[in-house]
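> Here you go, one structure.
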8 protein chains.
Amino acid sequence: MSAPKQNTGEELKHGLVVYLAGQIHDDWRDQLRKKAGERGLPIIFKGPQENHDRSDDIGELIKGKQPNPVYRDHAASEFNNLRTRIWMQKADVVIALFGEKYRQWNTAMDASTAIALNKPLILVRPESLHHPLKELSQRAQVVVETPDQALDALAYVLED
Amino acid sequence: MSAPKQNTGEELKHGLVVYLAGQIHDDWRDQLRKKAGERGLPIIFKGPQENHDRSDDIGELIKGKQPNPVYRDHAASEFNNLRTRIWMQKADVVIALFGEKYRQWNTAMDASTAIALNKPLILVRPESLHHPLKELSQRAQVVVETPDQALDALAYVLED
Amino acid sequence: MSAPKQNTGEELKHGLVVYLAGQIHDDWRDQLRKKAGERGLPIIFKGPQENHDRSDDIGELIKGKQPNPVYRDHAASEFNNLRTRIWMQKADVVIALFGEKYRQWNTAMDASTAIALNKPLILVRPESLHHPLKELSQRAQVVVETPDQALDALAYVLED
Amino acid sequence: MSAPKQNTGEELKHGLVVYLAGQIHDDWRDQLRKKAGERGLPIIFKGPQENHDRSDDIGELIKGKQPNPVYRDHAASEFNNLRTRIWMQKADVVIALFGEKYRQWNTAMDASTAIALNKPLILVRPESLHHPLKELSQRAQVVVETPDQALDALAYVLED
Amino acid sequence: MSAPKQNTGEELKHGLVVYLAGQIHDDWRDQLRKKAGERGLPIIFKGPQENHDRSDDIGELIKGKQPNPVYRDHAASEFNNLRTRIWMQKADVVIALFGEKYRQWNTAMDASTAIALNKPLILVRPESLHHPLKELSQRAQVVVETPDQALDALAYVLED
Amino acid sequence: MSAPKQNTGEELKHGLVVYLAGQIHDDWRDQLRKKAGERGLPIIFKGPQENHDRSDDIGELIKGKQPNPVYRDHAASEFNNLRTRIWMQKADVVIALFGEKYRQWNTAMDASTAIALNKPLILVRPESLHHPLKELSQRAQVVVETPDQALDALAYVLED
Amino acid sequence: MSAPKQNTGEELKHGLVVYLAGQIHDDWRDQLRKKAGERGLPIIFKGPQENHDRSDDIGELIKGKQPNPVYRDHAASEFNNLRTRIWMQKADVVIALFGEKYRQWNTAMDASTAIALNKPLILVRPESLHHPLKELSQRAQVVVETPDQALDALAYVLED
Amino acid sequence: MSAPKQNTGEELKHGLVVYLAGQIHDDWRDQLRKKAGERGLPIIFKGPQENHDRSDDIGELIKGKQPNPVYRDHAASEFNNLRTRIWMQKADVVIALFGEKYRQWNTAMDASTAIALNKPLILVRPESLHHPLKELSQRAQVVVETPDQALDALAYVLED
């Protein structure tokens, strides 16, 4: 049995950095990381803070108590947007996952930013959402229904 | 009584083109156009197709019957996105209006595109939406609660 | 009967400049100009030299006899590309028409340039060509089968 | 006898990433990879999916059966374009090979995209195609007749 | 005596839009406008809100009372930055005036933004400030000591 | 005899702004303006200061006596570069004329800037200069030997 | 006890390059470097020359004696700006520290350049400076009061 | 005595890639490489083909005999420009050396391209050339008289 292949500089030239936009209420990102590892795909996944409470609290944790909920949210967003901007700038591809729950305006924001920055976007959404997402879908590079299909797309890109 | 002032090339150099993103279920754009006219502001407003049925049907109206609802929506989006891309490219400023109803992913898409293209964004939303819109708000140039306040902002830009 | 409406600076702010890429073997551009005029659409159409012989001869007409056919073609292309680059830079939208005849690599070149420059592309092609054009079609903003449908798309953009 | 030189990060700074656009009906890319290896050139070659059937089927393989041939092609192009966009963005140079057979609109698309993105383009074509390719040739950085000459060009760039 | 020359569209093609960055505590902008008029220069001058109190109050005037002075300032800046971004995007040239008084970080911000956006910058400062402004001066297109010299520079640009 | 055609906003949409780079020791620019007028071409020509002494003296005329010839030249260049940058940014096309005399590094600078800014360049040079100008020529859009041929090129662009 | 982790190419893909703009009169940069090391953050910090005398003298050290203090400063700025431009272009994030002392126009220049280049800016300033910095603050990605808070922000970005 | 330090990926993050534009008639580039090595500066130098005959012949060597000297030069320039474009795109800084001999339009072209691409330019020229180079000098980031001073500038950038 061979040892796990180490990522060298050389391999990274052949590999991809992928930003994972979408809800942070379940472990879909870890699932994707695990499956990519099992398939031996040279991908580095980045994304937002996945601890939801920490994501909401981070503004006051760093800057201290704010005068009201609007400014508490404003402070948190300074740090969440800092994180998103940095990793999205380094990404080769963006995957955006939409689901039935939540308003998901952050996801729409990240997906649209990818399009406007000319980063290829893989949009993942259940078919039930096709109507409200029709304009965003038409501008995405790829539209699929599950994260596994998004991984299939990346594997296709990485095939020799 | 003076005649209505005509927009000449000279005046347009001093004027603004504004794209109005947001829902198309009431007449907020006409209200804004009317008030801008009453205040004598040299602004040309552009925006999406405001007839909701026409916006949904336009794909099949031009391209003919599509094989299923997903592709019907895809066809409609070709034309709606064509319209949005053209006028947004000509816009000096983008106003994006969010309300309590609908998912409004189009509005989030247009707002984020404005930010990514470095077009100043005026975000209009009721305070009740501050939490789900916190990341988008933090990146907007201006955040207000009513279209009238957005018009106040434009009037401030246009003051001598 | 009212006089023909003159294009003023004001109207051009509401109007479009459209580049017409594609074969120069029939009068499809004149047809389009005529129909746009009949529908009262404020559009300025630009495009390549439509006199085919002049397009092939222009290099030697200006620069003099070249040493062989390859350099004769090279000289002609200097002037044809000059024309295309200038008008495409001024265009808001590009229409590219593909037909059954000819290799049409110029058309593919202009269409792809529009995409890469982030100018919305309307691709016109008979359905019989869908397979060889599939990658270009997937990146176009709009895909239709006739120039009339392309004009419908522009009319939709220009509707109040 | 010394061991084959390994590509380190240092060497890659001196090396090139090259995208190989063109037909996928013979093994010209493997030939080029082999010859570059024999000449010891530090080049990483990338390109489209070279298995023609897989390239046509990939849309339905990942997204499932589509309602008709146009949409089957559209689905395949989502993934083929994803692959092309990612590797072309990483490329320092693009080589585009044209031959006598096929319409090769993909090749023209990739070649034109390289020009518009300011990536140097090496165009390879038999002299018999000079006339229909004259505009594209005039905008390429280098025009040659065989892949071996394209490799000579890269070797010249890499000479001390 | 001839009538004052009207700016037509034609003349504006030959004219300039100039953004005037700097302090708003005296009437240097009006002086400049007046002198440009007297010299018949086809220049449109734009700039920040020149009423200092209005500039500080505008946030609360439009958005209502804010919870503390930091957020009061934040709100005002939303509108002041909106104004600056819009007019600076339309400007052909930026003049930035520094004086002995005030911290003038806004002026430094506008001057640096002009440089980064590749808009030619005319820096106006008394020689006494040369040391603290040395890095900004070295990157400006022109450095002079008085607004009159800045106008001389624009007149030189506009000479036949 | 018809009255001279006035340039309206409408016509300017169809017209061109051309920057004329090159030596300022004879009246080639006036010749070109005159011939363009005679041919009825809707072109606005811009260029550097054509009074050679004024071009060399302008730094000290505006900024006062400088401490040595290097700084005298530096001061003059602030204003000459201001002029060039402004008009070149507004230009649709750049014509650069090289002759046998002078070093003409300004001309090479303007020509190269046009290429790097993706403005089409028309290079005019006697055939005797082909060797030292070979790299610049290969990157120009058009290479001709006389200003009249450059005007022929513009006339070709403007043909219906 | 494990050996200190070495930065490999792989880790740098996960790490950040940060430019530290601000005064060079105390050792705040070294403090930040030390604390980042203690927290194990994979960050490379770059910044201006921190030896104040060397920063002022560098122009004459390399170019020789200049004719007066203005040109002495000009010469020094050539080299200081060279350094800033190179490292800022490589930076993923810019931290700009403002304090009570000095005019700090360099700091404002670097902070504004970061914004205009779309590099996320972390602005550090005591609350006492909120009024004169209000426009710059409103455009920063993050505003905090101490360098330690800036480091907290970077640590948040780097959390798994 | 320690072994010579190897350049790792980590070090390259701290190092620079420098393009050396200028004449190829003596060994100034090798001198610079040698001195940089002696000073331990982590710099990779790239530049044009330094074998003058090979540079002139390369077009016909790869493409075969051309019909006349102009086309022979044109062919050579395809490959020389390919080389320059590739390495200049990878460079962090450009050094351009002007001397008394030759027309050096290539050098002016490379220097101006660096400015237009926002790459910092170090211009090296004897003081005797200050007048014909005044406009180029005023736009350079640094102007010095010898390659050694250019190396001092790079060493200053690389100081801790």
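Please note that chains go A, B, ... in the order of the structure tokens, that every chain numbers its residues from 1, and that ligands are numbered from 1 in the order shown.
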Mind doing a quick least-squares superposition of chain D onto chain G, all C-alpha atoms paired one-to-one in order, and writing it out as an mmCIF file with C-alpha atoms, in the first residue's frame?


data_model
loop_
_atom_site.group_PDB
_atom_site.id
_atom_site.type_symbol
_atom_site.label_atom_id
_atom_site.label_comp_id
_atom_site.auth_asym_id
_atom_site.auth_seq_id
_atom_site.Cartn_x
_atom_site.Cartn_y
_atom_site.Cartn_z
ATOM 1 C CA MET D 1 8.145 18.384 21.737
ATOM 2 C CA SER D 2 7.641 18.804 18.041
ATOM 3 C CA ALA D 3 9.945 20.954 15.892
ATOM 4 C CA PRO D 4 8.599 24.302 14.687
ATOM 5 C CA LYS D 5 6.406 23.774 11.632
ATOM 6 C CA GLN D 6 8.146 24.858 8.419
ATOM 7 C CA ASN D 7 6.261 26.869 5.838
ATOM 8 C CA THR D 8 6.068 24.771 2.689
ATOM 9 C CA GLY D 9 4.526 25.775 -0.616
ATOM 10 C CA GLU D 10 1.408 23.913 0.465
ATOM 11 C CA GLU D 11 1.103 25.927 3.640
ATOM 12 C CA LEU D 12 1.596 29.208 1.855
ATOM 13 C CA LYS D 13 -1.452 28.406 -0.254
ATOM 14 C CA HIS D 14 -3.309 28.502 3.070
ATOM 15 C CA GLY D 15 -1.355 31.492 4.370
ATOM 16 C CA LEU D 16 -1.449 35.253 3.852
ATOM 17 C CA VAL D 17 0.861 38.061 2.796
ATOM 18 C CA VAL D 18 0.046 41.239 4.751
ATOM 19 C CA TYR D 19 1.365 44.766 4.099
ATOM 20 C CA LEU D 20 1.781 46.912 7.225
ATOM 21 C CA ALA D 21 1.278 50.598 6.423
ATOM 22 C CA GLY D 22 1.766 53.280 9.070
ATOM 23 C CA GLN D 23 4.304 55.189 11.112
ATOM 24 C CA ILE D 24 7.861 53.897 11.493
ATOM 25 C CA HIS D 25 8.650 55.518 14.837
ATOM 26 C CA ASP D 26 8.148 52.548 17.121
ATOM 27 C CA ASP D 27 8.336 48.737 16.866
ATOM 28 C CA TRP D 28 4.648 47.925 16.358
ATOM 29 C CA ARG D 29 5.480 45.787 13.306
ATOM 30 C CA ASP D 30 7.924 43.613 15.256
ATOM 31 C CA GLN D 31 5.368 43.202 18.014
ATOM 32 C CA LEU D 32 2.837 42.029 15.454
ATOM 33 C CA ARG D 33 5.308 39.617 13.836
ATOM 34 C CA LYS D 34 6.183 38.195 17.240
ATOM 35 C CA LYS D 35 2.566 37.716 18.314
ATOM 36 C CA ALA D 36 1.625 36.124 14.978
ATOM 37 C CA GLY D 37 4.509 33.720 15.444
ATOM 38 C CA GLU D 38 3.405 32.870 18.963
ATOM 39 C CA ARG D 39 -0.126 32.141 17.706
ATOM 40 C CA GLY D 40 1.305 29.994 14.876
ATOM 41 C CA LEU D 41 -0.371 32.062 12.141
ATOM 42 C CA PRO D 42 1.046 31.423 8.635
ATOM 43 C CA ILE D 43 1.497 35.114 7.748
ATOM 44 C CA ILE D 44 4.327 36.904 5.957
ATOM 45 C CA PHE D 45 4.418 40.578 6.943
ATOM 46 C CA LYS D 46 5.914 43.182 4.590
ATOM 47 C CA GLY D 47 6.131 46.955 4.928
ATOM 48 C CA PRO D 48 8.089 50.141 4.335
ATOM 49 C CA GLN D 49 11.679 50.777 5.400
ATOM 50 C CA GLU D 50 11.444 51.026 9.186
ATOM 51 C CA ASN D 51 14.710 52.898 9.804
ATOM 52 C CA HIS D 52 13.483 56.491 9.641
ATOM 53 C CA ASP D 53 16.812 58.151 8.833
ATOM 54 C CA ARG D 54 17.577 55.577 6.168
ATOM 55 C CA SER D 55 14.134 56.186 4.659
ATOM 56 C CA ASP D 56 14.849 59.929 4.414
ATOM 57 C CA ASP D 57 18.445 59.528 3.187
ATOM 58 C CA ILE D 58 18.017 56.721 0.668
ATOM 59 C CA GLY D 59 17.600 59.027 -2.339
ATOM 60 C CA GLU D 60 20.925 60.779 -1.872
ATOM 61 C CA LEU D 61 22.623 57.563 -0.724
ATOM 62 C CA ILE D 62 21.892 55.977 -4.106
ATOM 63 C CA LYS D 63 21.602 58.963 -6.473
ATOM 64 C CA GLY D 64 24.024 61.373 -4.786
ATOM 65 C CA LYS D 65 23.570 64.895 -3.460
ATOM 66 C CA GLN D 66 20.468 66.669 -4.798
ATOM 67 C CA PRO D 67 20.210 70.434 -5.455
ATOM 68 C CA ASN D 68 17.713 71.275 -2.680
ATOM 69 C CA PRO D 69 15.504 69.727 0.016
ATOM 70 C CA VAL D 70 12.498 69.277 -2.307
ATOM 71 C CA TYR D 71 14.553 67.261 -4.776
ATOM 72 C CA ARG D 72 16.282 65.396 -1.943
ATOM 73 C CA ASP D 73 12.805 64.312 -0.809
ATOM 74 C CA HIS D 74 11.761 63.520 -4.354
ATOM 75 C CA ALA D 75 14.761 61.204 -4.768
ATOM 76 C CA ALA D 76 14.070 59.401 -1.484
ATOM 77 C CA SER D 77 10.453 58.869 -2.501
ATOM 78 C CA GLU D 78 11.450 57.151 -5.714
ATOM 79 C CA PHE D 79 12.895 54.308 -3.646
ATOM 80 C CA ASN D 80 10.317 54.312 -0.872
ATOM 81 C CA ASN D 81 7.485 54.180 -3.392
ATOM 82 C CA LEU D 82 9.264 51.411 -5.319
ATOM 83 C CA ARG D 83 9.329 49.337 -2.152
ATOM 84 C CA THR D 84 5.711 50.036 -1.250
ATOM 85 C CA ARG D 85 4.366 49.319 -4.734
ATOM 86 C CA ILE D 86 6.151 45.969 -5.015
ATOM 87 C CA TRP D 87 5.084 44.554 -1.664
ATOM 88 C CA MET D 88 1.573 45.941 -1.784
ATOM 89 C CA GLN D 89 1.028 44.228 -5.140
ATOM 90 C CA LYS D 90 1.930 40.913 -3.514
ATOM 91 C CA ALA D 91 -0.244 41.486 -0.432
ATOM 92 C CA ASP D 92 -3.568 39.711 0.230
ATOM 93 C CA VAL D 93 -4.546 42.229 2.919
ATOM 94 C CA VAL D 94 -3.335 45.683 4.032
ATOM 95 C CA ILE D 95 -3.266 46.846 7.659
ATOM 96 C CA ALA D 96 -2.996 50.637 8.087
ATOM 97 C CA LEU D 97 -2.222 52.030 11.543
ATOM 98 C CA PHE D 98 -3.046 55.667 12.370
ATOM 99 C CA GLY D 99 -1.936 57.364 15.577
ATOM 100 C CA GLU D 100 -2.233 60.755 17.224
ATOM 101 C CA LYS D 101 1.135 62.043 16.013
ATOM 102 C CA TYR D 102 2.413 63.058 12.586
ATOM 103 C CA ARG D 103 0.445 63.926 9.461
ATOM 104 C CA GLN D 104 0.573 60.314 8.224
ATOM 105 C CA TRP D 105 -0.279 61.120 4.627
ATOM 106 C CA ASN D 106 1.730 58.075 3.560
ATOM 107 C CA THR D 107 -0.530 55.902 5.655
ATOM 108 C CA ALA D 108 -3.620 57.473 4.109
ATOM 109 C CA MET D 109 -2.075 56.984 0.673
ATOM 110 C CA ASP D 110 -1.381 53.292 1.256
ATOM 111 C CA ALA D 111 -4.809 52.704 2.807
ATOM 112 C CA SER D 112 -6.604 54.370 -0.111
ATOM 113 C CA THR D 113 -4.507 52.542 -2.660
ATOM 114 C CA ALA D 114 -5.522 49.243 -1.061
ATOM 115 C CA ILE D 115 -9.203 50.193 -1.364
ATOM 116 C CA ALA D 116 -8.846 51.289 -4.978
ATOM 117 C CA LEU D 117 -6.956 48.072 -5.855
ATOM 118 C CA ASN D 118 -9.728 46.018 -4.193
ATOM 119 C CA LYS D 119 -7.355 44.678 -1.497
ATOM 120 C CA PRO D 120 -9.215 44.278 1.830
ATOM 121 C CA LEU D 121 -8.109 47.025 4.259
ATOM 122 C CA ILE D 122 -7.955 46.708 8.062
ATOM 123 C CA LEU D 123 -7.844 50.217 9.513
ATOM 124 C CA VAL D 124 -6.421 50.601 13.026
ATOM 125 C CA ARG D 125 -6.974 53.915 14.819
ATOM 126 C CA PRO D 126 -7.755 55.237 18.312
ATOM 127 C CA GLU D 127 -11.408 56.217 18.677
ATOM 128 C CA SER D 128 -10.264 59.827 19.183
ATOM 129 C CA LEU D 129 -9.453 59.954 15.456
ATOM 130 C CA HIS D 130 -12.839 58.776 14.267
ATOM 131 C CA HIS D 131 -13.967 62.147 12.930
ATOM 132 C CA PRO D 132 -11.073 63.066 10.610
ATOM 133 C CA LEU D 133 -10.899 59.439 9.396
ATOM 134 C CA LYS D 134 -14.627 58.966 8.869
ATOM 135 C CA GLU D 135 -14.583 58.712 5.048
ATOM 136 C CA LEU D 136 -11.612 56.372 5.003
ATOM 137 C CA SER D 137 -13.149 54.237 7.763
ATOM 138 C CA GLN D 138 -16.428 53.886 5.932
ATOM 139 C CA ARG D 139 -14.599 52.386 2.935
ATOM 140 C CA ALA D 140 -12.316 50.066 4.938
ATOM 141 C CA GLN D 141 -13.253 46.394 5.269
ATOM 142 C CA VAL D 142 -12.550 46.345 9.005
ATOM 143 C CA VAL D 143 -12.035 49.171 11.527
ATOM 144 C CA VAL D 144 -10.443 48.405 14.908
ATOM 145 C CA GLU D 145 -8.552 50.296 17.601
ATOM 146 C CA THR D 146 -5.431 48.210 18.215
ATOM 147 C CA PRO D 147 -2.980 46.070 16.219
ATOM 148 C CA ASP D 148 -3.977 43.117 18.419
ATOM 149 C CA GLN D 149 -7.530 43.371 17.136
ATOM 150 C CA ALA D 150 -6.190 43.402 13.571
ATOM 151 C CA LEU D 151 -4.354 40.177 14.376
ATOM 152 C CA ASP D 152 -7.584 38.729 15.790
ATOM 153 C CA ALA D 153 -9.206 39.514 12.437
ATOM 154 C CA LEU D 154 -6.477 37.678 10.523
ATOM 155 C CA ALA D 155 -6.668 34.730 12.933
ATOM 156 C CA TYR D 156 -10.423 34.563 12.251
ATOM 157 C CA VAL D 157 -9.771 34.418 8.523
ATOM 158 C CA LEU D 158 -7.283 31.594 9.053
ATOM 159 C CA GLU D 159 -9.493 29.460 11.332
ATOM 160 C CA ASP D 160 -10.521 26.104 9.942
#

> Write down as a VMD selection string the residues belonging to range 21-120 of chain G that are assigned strand (DSSP E) by DSSP computed on the backbone.

chain G and resid 21 to 22 43 to 46 93 to 97

> Put those residues in a file: C-alpha atoms, as a PDB file, in the first residue's frame.


ATOM      1  CA  ALA G  21       1.270  50.616   6.439  1.00  0.00           C
ATOM      2  CA  GLY G  22       1.770  53.299   9.072  1.00  0.00           C
ATOM      3  CA  ILE G  43       1.529  35.116   7.761  1.00  0.00           C
ATOM      4  CA  ILE G  44       4.352  36.908   5.955  1.00  0.00           C
ATOM      5  CA  PHE G  45       4.445  40.589   6.942  1.00  0.00           C
ATOM      6  CA  LYS G  46       5.926  43.185   4.593  1.00  0.00           C
ATOM      7  CA  VAL G  93      -4.514  42.228   2.936  1.00  0.00           C
ATOM      8  CA  VAL G  94      -3.307  45.681   4.032  1.00  0.00           C
ATOM      9  CA  ILE G  95      -3.236  46.857   7.678  1.00  0.00           C
ATOM     10  CA  ALA G  96      -2.990  50.647   8.095  1.00  0.00           C
ATOM     11  CA  LEU G  97      -2.214  52.042  11.558  1.00  0.00           C
TER      12      LEU G  97
END
